[in-house]
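Q: Okay, so here is coords20.cif, and as you'll see once you scroll down, it has mmCIF, C-alpha atoms.
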```cif
data_structure
loop_
_atom_site.label_atom_id
_atom_site.label_comp_id
_atom_site.auth_asym_id
_atom_site.auth_seq_id
_atom_site.Cartn_x
_atom_site.Cartn_y
_atom_site.Cartn_z
CA MET A 30 18.32 -20.63 30.06
CA LEU A 31 16.39 -19.99 26.85
CA ALA A 32 16.48 -16.24 27.39
CA SER A 33 20.24 -16.39 27.93
CA LYS A 34 20.75 -18.23 24.61
CA THR A 35 18.59 -15.72 22.77
CA LYS A 36 20.56 -12.84 24.28
CA SER A 37 23.85 -14.46 23.22
CA ARG A 38 22.61 -14.91 19.66
CA ILE A 39 21.59 -11.26 19.46
CA ILE A 40 25.03 -10.17 20.72
CA TRP A 41 26.84 -12.42 18.22
CA ALA A 42 24.62 -11.18 15.36
CA PHE A 43 25.37 -7.57 16.30
CA LEU A 44 29.11 -8.20 16.49
CA SER A 45 29.06 -10.02 13.14
CA VAL A 46 27.29 -7.13 11.40
CA LEU A 47 29.70 -4.68 13.02
CA ALA A 48 32.71 -6.72 11.85
CA ILE A 49 31.39 -6.90 8.27
CA GLY A 50 30.76 -3.14 8.30
CA LEU A 51 34.31 -2.41 9.52
CA TRP A 52 35.74 -4.78 6.88
CA ILE A 53 33.79 -3.11 4.05
CA ASN A 54 34.89 0.31 5.30
CA GLU A 55 38.52 -0.84 5.32
CA VAL A 56 38.55 -2.64 2.00
CA GLY A 57 36.30 -0.12 0.29
CA ASN A 58 35.21 -0.65 -3.30
CA ASP A 59 36.66 -4.16 -3.48
CA ALA A 60 34.34 -5.31 -0.71
CA THR A 61 31.33 -3.67 -2.30
CA LYS A 62 32.19 -5.34 -5.60
CA TRP A 63 32.53 -8.73 -3.85
CA VAL A 64 29.10 -8.39 -2.22
CA ARG A 65 27.49 -7.35 -5.49
CA THR A 66 29.02 -10.11 -7.62
CA THR A 67 28.49 -12.79 -4.96
CA PHE A 68 24.83 -12.15 -4.21
CA PHE A 69 23.64 -10.36 -7.32
CA GLU A 70 23.86 -10.88 -11.05
CA VAL A 71 24.40 -7.69 -13.06
CA LYS A 72 22.03 -8.07 -16.00
CA GLN A 73 22.11 -4.67 -17.72
CA SER A 74 23.12 -1.16 -16.77
CA GLU A 75 20.25 1.15 -15.87
CA ARG A 76 22.23 4.07 -17.27
CA ILE A 77 22.95 2.47 -20.66
CA PRO A 78 19.83 0.45 -21.56
CA VAL A 79 20.50 -2.56 -23.79
CA TYR A 80 17.38 -4.21 -25.13
CA GLN A 81 17.37 -7.95 -25.76
CA LYS A 82 13.86 -8.71 -27.03
CA PHE A 83 11.79 -6.76 -29.52
CA TYR A 84 8.13 -6.91 -30.46
CA ARG A 85 6.26 -5.05 -33.16
CA VAL A 86 2.80 -3.91 -32.08
CA LYS A 87 0.25 -2.81 -34.70
CA VAL A 88 -3.18 -1.48 -33.82
CA ASN A 89 -5.74 -0.44 -36.42
CA VAL A 90 -8.68 1.79 -35.51
CA THR A 91 -11.03 4.15 -37.34
CA VAL A 92 -11.68 7.65 -35.99
CA ASP A 93 -15.21 9.04 -36.35
CA LYS A 94 -16.00 6.21 -38.79
CA LYS A 95 -14.02 7.85 -41.57
CA GLU A 96 -10.28 8.13 -40.86
CA PRO A 97 -8.27 4.89 -40.57
CA VAL A 98 -5.37 5.18 -38.11
CA LEU A 99 -2.49 2.76 -37.62
CA VAL A 100 -0.53 2.89 -34.37
CA ASP A 101 2.67 1.00 -35.22
CA PHE A 102 5.58 0.76 -32.81
CA VAL A 103 8.32 -1.61 -31.59
CA LEU A 104 8.52 -2.56 -27.94
CA GLY A 105 11.99 -3.11 -26.49
CA CYS A 106 12.54 -5.35 -23.44
CA ARG A 107 15.45 -5.58 -21.05
CA THR A 108 16.02 -6.86 -17.53
CA ARG A 109 16.69 -4.73 -14.49
CA LEU A 110 20.15 -3.99 -13.12
CA ARG A 111 20.45 -6.51 -10.28
CA VAL A 112 18.81 -9.88 -9.67
CA PRO A 113 19.25 -11.75 -6.35
CA LYS A 114 20.87 -15.10 -7.19
CA SER A 115 18.91 -16.75 -4.42
CA ASP A 116 15.61 -16.15 -6.22
CA TRP A 117 15.63 -16.05 -10.01
CA SER A 118 11.90 -15.36 -9.98
CA MET A 119 12.81 -11.79 -9.06
CA ILE A 120 13.87 -11.06 -12.66
CA ARG A 121 11.86 -8.08 -13.89
CA TYR A 122 11.53 -6.77 -17.40
CA VAL A 123 11.45 -3.14 -18.43
CA ARG A 124 9.28 -2.43 -21.46
CA VAL A 125 9.73 0.65 -23.64
CA PRO A 126 7.56 2.38 -24.66
CA LEU A 127 4.72 1.71 -22.26
CA VAL A 128 2.43 4.13 -24.06
CA PHE A 129 2.75 5.00 -27.74
CA GLY A 130 0.54 7.48 -29.55
CA ALA A 131 -0.10 8.57 -33.14
CA ARG A 132 -1.52 11.84 -34.42
CA THR A 133 -4.53 11.75 -36.76
CA LYS A 134 -5.01 14.00 -39.78
CA GLY A 135 -7.58 15.92 -37.78
CA GLY A 136 -5.12 16.61 -34.95
CA GLN A 137 -6.49 14.05 -32.48
CA GLY A 138 -4.39 11.46 -30.68
CA VAL A 139 -4.78 7.69 -30.50
CA LEU A 140 -2.61 6.05 -27.82
CA VAL A 141 -1.99 2.36 -27.12
CA GLU A 142 -0.52 0.77 -24.00
CA GLY A 143 2.53 -1.41 -24.59
CA PRO A 144 1.73 -5.08 -23.89
CA ARG A 145 3.29 -6.97 -20.98
CA ILE A 146 4.86 -9.39 -23.42
CA CYS A 147 8.59 -9.54 -22.63
CA ASN A 148 10.02 -13.06 -23.06
CA ALA A 149 6.55 -14.54 -23.61
CA ASP A 150 5.58 -17.34 -25.97
CA LEU A 151 3.52 -15.41 -28.51
CA LYS A 152 1.60 -18.46 -29.72
CA LYS A 153 0.50 -19.37 -26.19
CA ASN A 154 0.08 -15.96 -24.61
CA VAL A 155 -1.33 -13.70 -27.33
CA PRO A 156 -4.97 -14.43 -28.23
CA HIS A 157 -6.08 -14.13 -31.85
CA ASN A 158 -8.50 -11.37 -30.82
CA TYR A 159 -6.02 -9.35 -28.73
CA LEU A 160 -7.54 -6.05 -27.55
CA PRO A 161 -5.21 -3.52 -25.87
CA ALA A 162 -6.31 -0.57 -23.76
CA ILE A 163 -6.62 2.41 -26.11
CA PHE A 164 -6.85 6.11 -25.26
CA PHE A 165 -8.37 8.84 -27.42
CA ALA A 166 -7.34 12.49 -27.09
CA PRO A 167 -9.51 15.09 -28.90
CA ASP A 168 -6.33 17.20 -29.07
CA ALA A 169 -3.05 15.36 -29.63
CA ASP A 170 -1.20 18.23 -27.95
CA ASP A 171 -3.24 17.85 -24.76
CA LEU A 172 -2.82 14.38 -23.31
CA GLU A 173 -4.18 15.48 -19.95
CA HIS A 174 -7.73 15.19 -21.33
CA MET A 175 -8.38 11.76 -22.83
CA THR A 176 -10.94 8.97 -22.88
CA ALA A 177 -9.88 5.40 -22.14
CA TYR A 178 -11.63 2.48 -23.88
CA LEU A 179 -11.67 -0.30 -21.29
CA THR A 180 -14.30 -2.73 -22.59
CA GLU A 181 -15.03 -4.28 -25.97
CA ARG A 182 -18.55 -2.91 -26.11
CA ALA A 183 -17.36 0.66 -25.53
CA TYR A 184 -16.54 0.79 -29.26
CA ASP A 185 -20.17 -0.01 -30.17
CA GLN A 186 -21.71 2.91 -28.28
CA PRO A 187 -23.09 6.07 -29.96
CA VAL A 188 -20.71 8.20 -27.90
CA SER A 189 -17.63 6.32 -29.18
CA ARG A 190 -15.18 8.19 -31.40
CA LEU A 191 -13.24 5.03 -32.26
CA THR A 192 -13.97 1.80 -34.09
CA PHE A 193 -11.57 -1.00 -33.24
CA GLN A 194 -10.34 -3.06 -36.19
CA LYS A 195 -7.39 -5.26 -35.25
CA ALA A 196 -4.28 -5.56 -33.08
CA THR A 197 -1.27 -7.84 -33.62
CA ILE A 198 2.05 -8.56 -31.91
CA GLU A 199 5.05 -10.17 -33.59
CA GLU A 200 8.65 -10.67 -32.49
CA VAL A 201 11.32 -8.85 -34.51
CA ASP A 202 15.09 -8.63 -34.33
CA LYS A 203 17.39 -5.87 -33.14
CA GLN A 204 18.10 -4.60 -36.64
CA TYR A 205 14.40 -4.08 -37.26
CA PHE A 206 14.22 -2.21 -33.94
CA GLU A 207 17.12 0.06 -34.91
CA ASN A 208 15.60 0.76 -38.33
CA TRP A 209 12.28 1.58 -36.73
CA LYS A 210 13.88 4.02 -34.27
CA ALA A 211 15.62 5.79 -37.14
CA THR A 212 12.57 6.14 -39.39
CA ALA A 213 9.42 5.94 -37.24
CA THR A 214 7.12 8.85 -36.54
CA ALA A 215 7.82 10.18 -33.06
CA ASN A 216 5.68 9.16 -30.12
CA ILE A 217 3.21 11.94 -29.30
CA VAL A 218 3.74 11.24 -25.57
CA PRO A 219 6.37 13.79 -24.47
CA LEU A 220 9.56 12.60 -22.83
CA ALA A 221 9.74 13.44 -19.14
CA ARG A 222 12.80 15.42 -18.05
CA ASN A 223 13.14 13.52 -14.80
CA GLY A 224 14.10 9.92 -15.53
CA MET A 225 12.28 8.67 -12.43
CA LYS A 226 8.97 10.14 -13.55
CA SER A 227 6.84 9.85 -16.66
CA PHE A 228 4.92 12.51 -18.51
CA PHE A 229 1.79 11.18 -16.83
CA HIS A 230 3.30 11.37 -13.33
CA GLY A 231 4.54 14.87 -12.63
CA GLY A 232 5.12 15.62 -16.30
CA ASN A 233 7.48 18.39 -17.32
CA TYR A 234 6.14 21.00 -14.94
CA PRO A 235 8.52 23.00 -12.72
CA VAL A 236 8.74 22.01 -9.07
CA GLU A 237 6.81 25.05 -7.90
CA ASP A 238 3.85 24.10 -10.11
CA PRO A 239 1.30 21.93 -8.20
CA ARG A 240 0.89 19.79 -11.32
CA SER A 241 4.43 18.47 -10.79
CA ARG A 242 3.00 16.59 -7.81
CA SER A 243 -0.06 15.30 -9.64
CA SER A 244 -0.76 12.40 -11.97
CA VAL A 245 -2.92 11.54 -14.95
CA ALA A 246 -5.36 8.79 -14.08
CA CYS A 247 -8.34 7.42 -16.00
CA GLU A 248 -11.23 7.57 -13.54
CA TYR A 249 -14.45 5.57 -13.60
CA VAL A 250 -17.19 4.21 -11.38
CA TYR A 251 -19.06 0.97 -11.75
CA ARG A 252 -22.39 -0.29 -10.48
CA VAL A 253 -22.59 -2.60 -7.47
CA PRO A 254 -25.99 -4.36 -7.18
CA ILE A 255 -27.97 -3.67 -4.01
CA PRO A 256 -28.90 -7.01 -2.36
CA ASP A 257 -32.61 -7.70 -2.04
CA ASN A 258 -32.48 -7.73 1.75
CA LEU A 259 -31.20 -4.11 1.77
CA LYS A 260 -33.71 -2.73 -0.71
CA PRO A 261 -36.51 -1.99 1.80
CA VAL A 262 -34.29 0.50 3.61
CA ILE A 263 -33.11 2.06 0.34
CA ARG A 264 -36.72 2.42 -0.87
CA SER A 265 -37.70 4.16 2.37
CA TRP A 266 -35.08 6.84 1.59
CA TRP A 267 -35.88 7.11 -2.12
CA PRO A 268 -37.61 10.46 -2.84
CA LYS A 269 -41.30 10.26 -3.70
CA ASP A 270 -40.79 11.41 -7.31
CA ARG A 271 -38.51 8.34 -7.78
CA PRO A 272 -35.56 9.95 -9.59
CA LYS A 273 -33.19 7.63 -11.46
CA PHE A 274 -30.10 9.02 -9.68
CA TRP A 275 -30.35 10.41 -6.16
CA VAL A 276 -28.48 11.00 -2.91
CA PRO A 277 -29.87 10.07 0.56
CA LYS A 278 -30.37 12.78 3.14
CA ALA A 279 -27.51 13.70 5.44
CA GLU A 280 -29.03 11.89 8.43
CA ASN A 281 -28.97 8.62 6.45
CA ILE A 282 -25.36 8.76 5.23
CA ASP A 283 -23.82 6.86 8.15
CA GLU A 284 -26.32 4.03 7.71
CA LEU A 285 -25.75 4.15 3.95
CA ILE A 286 -22.06 3.49 4.52
CA GLN A 287 -22.90 0.39 6.54
CA LEU A 288 -25.26 -0.86 3.83
CA GLN A 289 -22.59 -0.31 1.19
CA LYS A 290 -20.17 -2.41 3.22
CA LYS A 291 -22.73 -5.21 3.38
CA ALA A 292 -23.15 -4.99 -0.39
CA GLY A 293 -19.39 -5.39 -0.91
CA VAL A 294 -18.66 -1.82 -1.92
CA GLU A 295 -16.12 -1.16 0.80
CA LYS A 296 -13.72 -3.20 2.94
CA SER A 297 -14.64 -6.48 1.35
CA LYS A 298 -12.29 -9.35 0.50
CA VAL A 299 -13.63 -9.14 -3.02
CA TRP A 300 -12.03 -5.74 -3.45
CA THR A 301 -8.79 -6.20 -1.50
CA LYS A 302 -7.52 -9.54 -2.82
CA ARG A 303 -4.03 -9.38 -4.33
CA TYR A 304 -2.36 -11.58 -6.91
CA LYS A 305 1.37 -12.25 -6.57
CA SER A 306 2.31 -14.75 -9.24
CA ARG A 307 5.59 -16.11 -10.52
CA LEU A 308 4.92 -16.74 -14.16
CA ALA A 309 7.14 -19.20 -16.00
CA LYS A 310 5.39 -18.21 -19.20
CA TYR A 311 6.76 -14.71 -18.83
CA GLY A 312 10.36 -15.65 -18.10
CA ARG A 313 9.63 -16.16 -14.39
CA THR A 314 8.92 -12.52 -13.79
CA ASN A 315 7.76 -11.50 -10.34
CA GLU A 316 5.42 -8.69 -11.35
CA ASN A 317 2.60 -8.22 -8.86
CA TYR A 318 -0.86 -8.54 -10.29
CA ARG A 319 -2.96 -6.52 -7.91
CA GLY A 320 -6.13 -4.53 -8.09
CA SER A 321 -9.34 -3.61 -6.37
CA LEU A 322 -11.84 -5.05 -8.82
CA VAL A 323 -10.96 -8.72 -8.91
CA THR A 324 -14.30 -10.51 -9.04
CA ALA A 325 -16.30 -7.71 -10.66
CA GLY A 326 -13.98 -7.62 -13.63
CA GLY A 327 -11.91 -4.47 -13.50
CA ALA A 328 -8.52 -5.14 -11.91
CA ASN A 329 -6.01 -2.72 -13.36
CA LYS A 330 -3.46 -5.14 -14.80
CA TRP A 331 -1.39 -2.68 -16.74
CA GLY A 332 -0.24 -4.05 -20.08
CA LEU A 333 -2.42 -7.16 -20.20
CA GLY A 334 -5.07 -5.61 -22.40
CA ILE A 335 -8.85 -5.85 -22.27
CA ARG A 336 -10.66 -9.09 -21.59
CA ARG A 337 -13.52 -9.80 -24.01
CA PRO A 338 -16.83 -11.15 -22.63
CA GLY A 339 -16.80 -13.90 -25.26
CA GLY A 340 -13.27 -15.00 -24.31
CA GLY A 341 -9.72 -13.94 -25.08
CA GLY A 342 -8.83 -10.35 -25.81
CA ALA A 343 -6.23 -10.04 -23.06
CA LEU A 344 -2.85 -11.58 -22.35
CA LEU A 345 -3.11 -13.95 -19.37
CA SER A 346 -6.87 -13.44 -19.27
CA GLN A 347 -7.14 -15.07 -15.84
CA TYR A 348 -5.43 -11.97 -14.45
CA ALA A 349 -6.79 -9.32 -16.84
CA ARG A 350 -10.22 -8.57 -15.42
CA THR A 351 -10.79 -5.20 -17.07
CA GLY A 352 -13.45 -5.45 -19.72
CA ILE A 353 -16.10 -7.63 -18.09
CA ILE A 354 -18.39 -4.97 -16.60
CA GLY A 355 -19.65 -1.56 -17.68
CA LEU A 356 -17.52 1.33 -16.49
CA ILE A 357 -18.81 4.90 -16.20
CA PRO A 358 -16.39 7.81 -16.73
CA TYR A 359 -16.43 10.62 -14.21
CA SER A 360 -14.48 13.80 -13.62
CA THR A 361 -14.07 16.15 -10.67
CA ASN A 362 -13.26 19.80 -10.17
CA LEU A 363 -9.90 18.69 -8.74
CA ALA A 364 -8.55 18.49 -12.28
CA GLU A 365 -9.75 21.90 -13.48
CA PRO A 366 -7.41 23.54 -12.57
CA PRO A 367 -5.16 21.34 -10.39
CA TYR A 368 -5.47 22.22 -6.73
CA GLU A 369 -2.52 23.35 -4.67
CA LEU A 370 -2.24 20.48 -2.21
CA ASN A 371 -1.46 22.81 0.69
CA GLU A 372 -4.81 24.61 0.43
CA PRO A 373 -7.79 22.93 2.12
CA VAL A 374 -10.61 21.87 -0.18
CA ASN A 375 -14.20 22.43 0.91
CA GLU A 376 -16.05 21.03 -2.10
CA VAL A 377 -15.66 18.18 -4.58
CA ARG A 378 -17.97 17.82 -7.57
CA PHE A 379 -18.36 14.38 -9.17
CA ASN A 380 -19.76 14.42 -12.70
CA LEU A 381 -20.73 11.04 -14.20
CA ASP A 382 -21.33 10.58 -17.92
CA VAL A 383 -23.96 7.98 -18.84
CA LYS A 384 -25.67 9.37 -21.96
CA ASN A 385 -25.38 7.64 -25.34
CA GLY A 386 -23.70 4.55 -23.93
CA ALA A 387 -21.01 6.39 -21.97
CA ASP A 388 -21.66 3.95 -19.10
CA GLN A 389 -20.50 0.93 -21.10
CA GLY A 390 -16.76 0.87 -20.55
CA PHE A 391 -15.08 4.27 -20.67
CA ALA A 392 -12.90 6.18 -18.25
CA ALA A 393 -12.09 9.89 -18.14
CA CYS A 394 -8.33 10.57 -18.06
CA ARG A 395 -7.36 13.82 -16.34
CA ARG A 396 -4.44 15.30 -14.45
CA GLY A 397 -5.47 16.24 -10.96
CA ALA A 398 -4.69 15.95 -7.29
CA SER A 399 -5.43 12.63 -5.65
CA ILE A 400 -8.22 12.91 -3.09
CA SER A 401 -6.16 10.84 -0.66
CA LYS A 402 -3.45 13.55 -0.68
CA LEU A 403 -5.78 16.50 -0.20
CA LYS A 404 -6.29 18.57 2.88
CA TYR A 405 -9.97 19.33 3.28
CA THR A 406 -12.33 21.03 5.64
CA LYS A 407 -14.62 18.99 7.86
CA PRO A 408 -17.34 18.74 6.90
CA ALA A 409 -16.81 19.13 3.14
CA ASN A 410 -19.44 19.08 0.42
CA LYS A 411 -19.77 16.30 -2.13
CA ILE A 412 -21.86 17.38 -5.09
CA TYR A 413 -23.06 14.77 -7.58
CA LEU A 414 -23.90 15.45 -11.21
CA VAL A 415 -24.97 13.10 -13.99
CA ASP A 416 -24.37 14.33 -17.52
CA GLY A 417 -23.78 17.79 -16.07
CA VAL A 418 -27.09 17.93 -14.17
CA LYS A 419 -26.97 18.14 -10.37
CA VAL A 420 -28.77 15.21 -8.71
CA GLY A 421 -27.80 15.76 -5.08
CA GLU A 422 -25.19 16.76 -2.54
CA VAL A 423 -24.16 15.84 0.94
CA SER A 424 -22.04 17.44 3.64
CA THR A 425 -19.67 14.80 4.94
CA ASN A 426 -16.52 14.07 6.91
CA TYR A 427 -15.80 11.13 4.58
CA LEU A 428 -14.39 13.03 1.60
CA MET A 429 -11.64 10.44 1.01
CA ARG A 430 -13.93 7.40 0.91
CA LEU A 431 -13.67 5.58 -2.41
CA ASN A 432 -17.35 4.84 -2.77
CA LEU A 433 -19.98 7.46 -3.55
CA SER A 434 -23.18 8.40 -1.75
CA LEU A 435 -24.95 8.30 -5.12
CA VAL A 436 -27.67 5.66 -5.66
CA GLU A 437 -29.36 4.54 -8.90
CA GLU A 438 -33.07 3.90 -8.28
CA ASP A 439 -33.23 1.05 -5.73
CA LYS A 440 -30.84 -1.10 -7.75
CA PHE A 441 -27.23 0.05 -7.54
CA PHE A 442 -24.53 1.60 -5.39
CA PHE A 443 -21.39 2.95 -7.07
CA LYS A 444 -17.71 2.18 -6.54
CA ARG A 445 -14.84 4.33 -7.79
CA GLY A 446 -11.84 2.96 -9.66
CA HIS A 447 -9.07 4.11 -11.97
CA TYR A 448 -6.72 2.93 -14.69
CA GLY A 449 -3.49 4.53 -13.56
CA LEU A 450 -1.34 5.92 -16.33
CA TYR A 451 0.96 7.26 -13.63
CA ASN A 452 2.13 3.68 -12.91
CA THR A 453 4.03 3.61 -16.19
CA GLU A 454 7.81 3.31 -16.32
CA PHE A 455 9.59 4.92 -19.21
CA GLY A 456 13.02 4.52 -20.76
CA GLU A 457 15.06 6.74 -23.04
CA GLN A 458 12.65 6.62 -25.96
CA GLN A 459 9.45 6.69 -23.84
#
```
Show me the file's structure as C-alpha cells.
A:
Amino acid sequence: MLASKTKSRIIWAFLSVLAIGLWINEVGNDATKWVRTTFFEVKQSERIPVYQKFYRVKVNVTVDKKEPVLVDFVLGCRTRLRVPKSDWSMIRYVRVPLVFGARTKGGQGVLVEGPRICNADLKKNVPHNYLPAIFFAPDADDLEHMTAYLTERAYDQPVSRLTFQKATIEEVDKQYFENWKATATANIVPLARNGMKSFFHGGNYPVEDPRSRSSVACEYVYRVPIPDNLKPVIRSWWPKDRPKFWVPKAENIDELIQLQKKAGVEKSKVWTKRYKSRLAKYGRTNENYRGSLVTAGGANKWGLGIRRPGGGGALLSQYARTGIIGLIPYSTNLAEPPYELNEPVNEVRFNLDVKNGADQGFAACRRGASISKLKYTKPANKIYLVDGVKVGEVSTNYLMRLNLSLVEEDKFFFKRGHYGLYNTEFGEQQ
C-alpha cells in the first residue's frame, strides 16, 4: 500500500514537471519572466554594475624604513543579480576592488585586500586597530612574486620590508566615489580580459599558455607540536648529529603519516571544520566562512583582515583566525617556470624560509600549478630545503598530501596552507 502511494506521487511529480515544461515552451519569454519575478528579486544587473555603498580605505606603511606609502582607494558594494525571495539571507555583496595596489618611488608595489565591509556598521565591526592583509612586490610590474604579511609581528622582523602605520575605513557617498574614479592613480593590479577570471586566476595569458590554467596563491607552512607520547618514536628516527630540520628515512614515512594524523596534522576535525554563518551585522549575507586552520589561527577568511594577538585587528575577529600563529613562507619549483599540467612531474622541491624572522607570519605568493591538479610519476621525489640548503628528500607515492615529511628537531611537524588570491572576484574597475 505504501509503495503504491509512493509510486503514484512520483508519477504525479513527473507529470507536473512535464506540464510546466510544456507550458514554458509554449508561452516562451513571458513564462520565464513570470518565474523570475515570482521567485526571485532582481537586485542589480551583472552586466551594468550599479554600486550602492561606498567605503574609503586608507592604509599607511613605510617601505624599507624610509619611504612612506599611502594606499588610498574607494570600495564599491552592490548586490548580486538574483536573490531567492524564500531566503533573504542569500543576499550576497560584490566588492570592488578586492585588491588595490600602489607603486612606490622605488618601483615596488604595496597591495591591500579590500575589506569585507559591505553594509556593515562601521562603529561595531571595524576595530580601532584594524590590520588588513598586505602584500609587498619587489617589482610593481611583477605581481606573480610577492610576500604576504599575515601576522602583526611579521612587521617587526629583520627580514620585513614594510612597517605598518595605520589603516582606516570610512563610508563615503556616490559623488565621492565618482570623483575618486576620475582622479585616482590607477590600480597596479591589471584588469583581467575574461570577466569570470581575475588577474590572479588565469591572468591575461593566452589559452595555450599553461599559466592561463594556474593561479597566484600565497603559500606557507606552520608548525604543529608533536605530542609528548609520540616523541620517543620521533627521537629514535632523529639522526645522531641532531640536525634542526630533517626528514625520516623512506622506511619510516608510512608510520610518520600515522603519527602526523595523531598529532592533528591531517584528517582531523580541527582542520576540516567549516563556518556557515548568516550575519545580520553584514546585511544578512550568506558568505561561507571556511578554512583549514580554524583552531590554530590561520583560516583564510578573505577580506576580514589580520587578527592581532592582543585583540582586535580584524573585522569579525571570531571568524578571522589568520594572525595568531607564526607562518613560514615556502616556494616550490612548480612556479619557476609553470609546469604544463599534461606532463608528469617526477620531483617537487619545497624551500622554506626561516632566517631573520621569516617564520613569523609571512607567505610567498607565486603563480604555479596546484599540486592537486598535477600528473606525477609514482614514486616521485620530495626534496626539502630550508633557506636554500637541502635538509633531506624522500621518494613517495604521496606527492599530493598537504603535510610535509619535514620534522623540526623532536618538537614540530609541518602543515601546508595558503592565502588564496585566486579566490578574488573582480568588477569593471578591478
Q: Interatomic distance between CA of Glu422 (chain A) and CA of Gln289 (chain A)?
A: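 CA of Gln289 (chain A) lies 17.7 Å from CA of Glu422 (chain A).
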Q: I need the residue nearest Phe274 (chain A) from this list: A:Val92, A:Val201, A:Leu414, A:Val374. Use only C-alpha atoms for the distance.
A: A:Leu414
Q: Mind listing whatever residues come within 10 Å of the point (-16.3, 10.8, 11.2)? Use all atoms listed in the file, file coordinates, and give them as a list of chain:residue names.
A: A:Asp283, A:Lys407, A:Pro408, A:Thr425, A:Asn426, A:Tyr427
Q: Give me, please, the distance in Å between CA of Ala166 (chain A) and CA of Arg190 (chain A), quoted to one decimal.
A: 9.9 Å
Q: Evaluated on this file, the PyMOL selection byres ((chain A and resi 268) around 12) picks out some residues - which ones are they, written as a list in words?
A: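 With the PyMOL selection byres ((chain A and resi 268) around 12) on this model, the match is Ile263, Arg264, Ser265, Trp266, Trp267, Lys269, Asp270, Arg271, Pro272, Lys273, Phe274, Trp275, Val276, Pro277, Lys278, Val420, Gly421, Val436, Glu437, Glu438 and Asp439 of chain A.
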Q: Identify, on the basis of only C-alpha atoms, every residue whose closest approach to Val262 (chain A) does not exceed 10 Å; exclude the query and any residue fewer than 6 positions from it along the same chain; express the result as a compact mmCIF listing (two decimals) with C-alpha atoms, in the coordinates of the input.
A:
```txt
# COMPACT_ATOMS: atom_id res chain seq x y z
CA GLU A 284 -26.32 4.03 7.71
CA LEU A 285 -25.75 4.15 3.95
CA LEU A 288 -25.26 -0.86 3.83
CA ASP A 439 -33.23 1.05 -5.73
```
Q: To one decimal place, how far is CA of Leu344 (chain A) from CA of Asn148 (chain A) in Å?
A: 13.0 Å
Q: If we count only C-alpha atoms, what is near Phe379 (chain A) at a cut-off of 7 Å, once residues fewer than 6 positions away on the same chain are taken out, given as a list in words?
A: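 Surrounding residues, per the criterion: Tyr359, Ser360, Thr361, Ile412, Tyr413 and Leu414 of chain A.
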Q: Please write the residues picked by the PyMOL selection byres ((chain A and resi 334) around 6) on this file as a list in words.
A: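 This file, filtered by the PyMOL selection byres ((chain A and resi 334) around 6), leaves Leu160, Pro161, Ala162, Gly332, Leu333, Ile335 and Ala343 of chain A.
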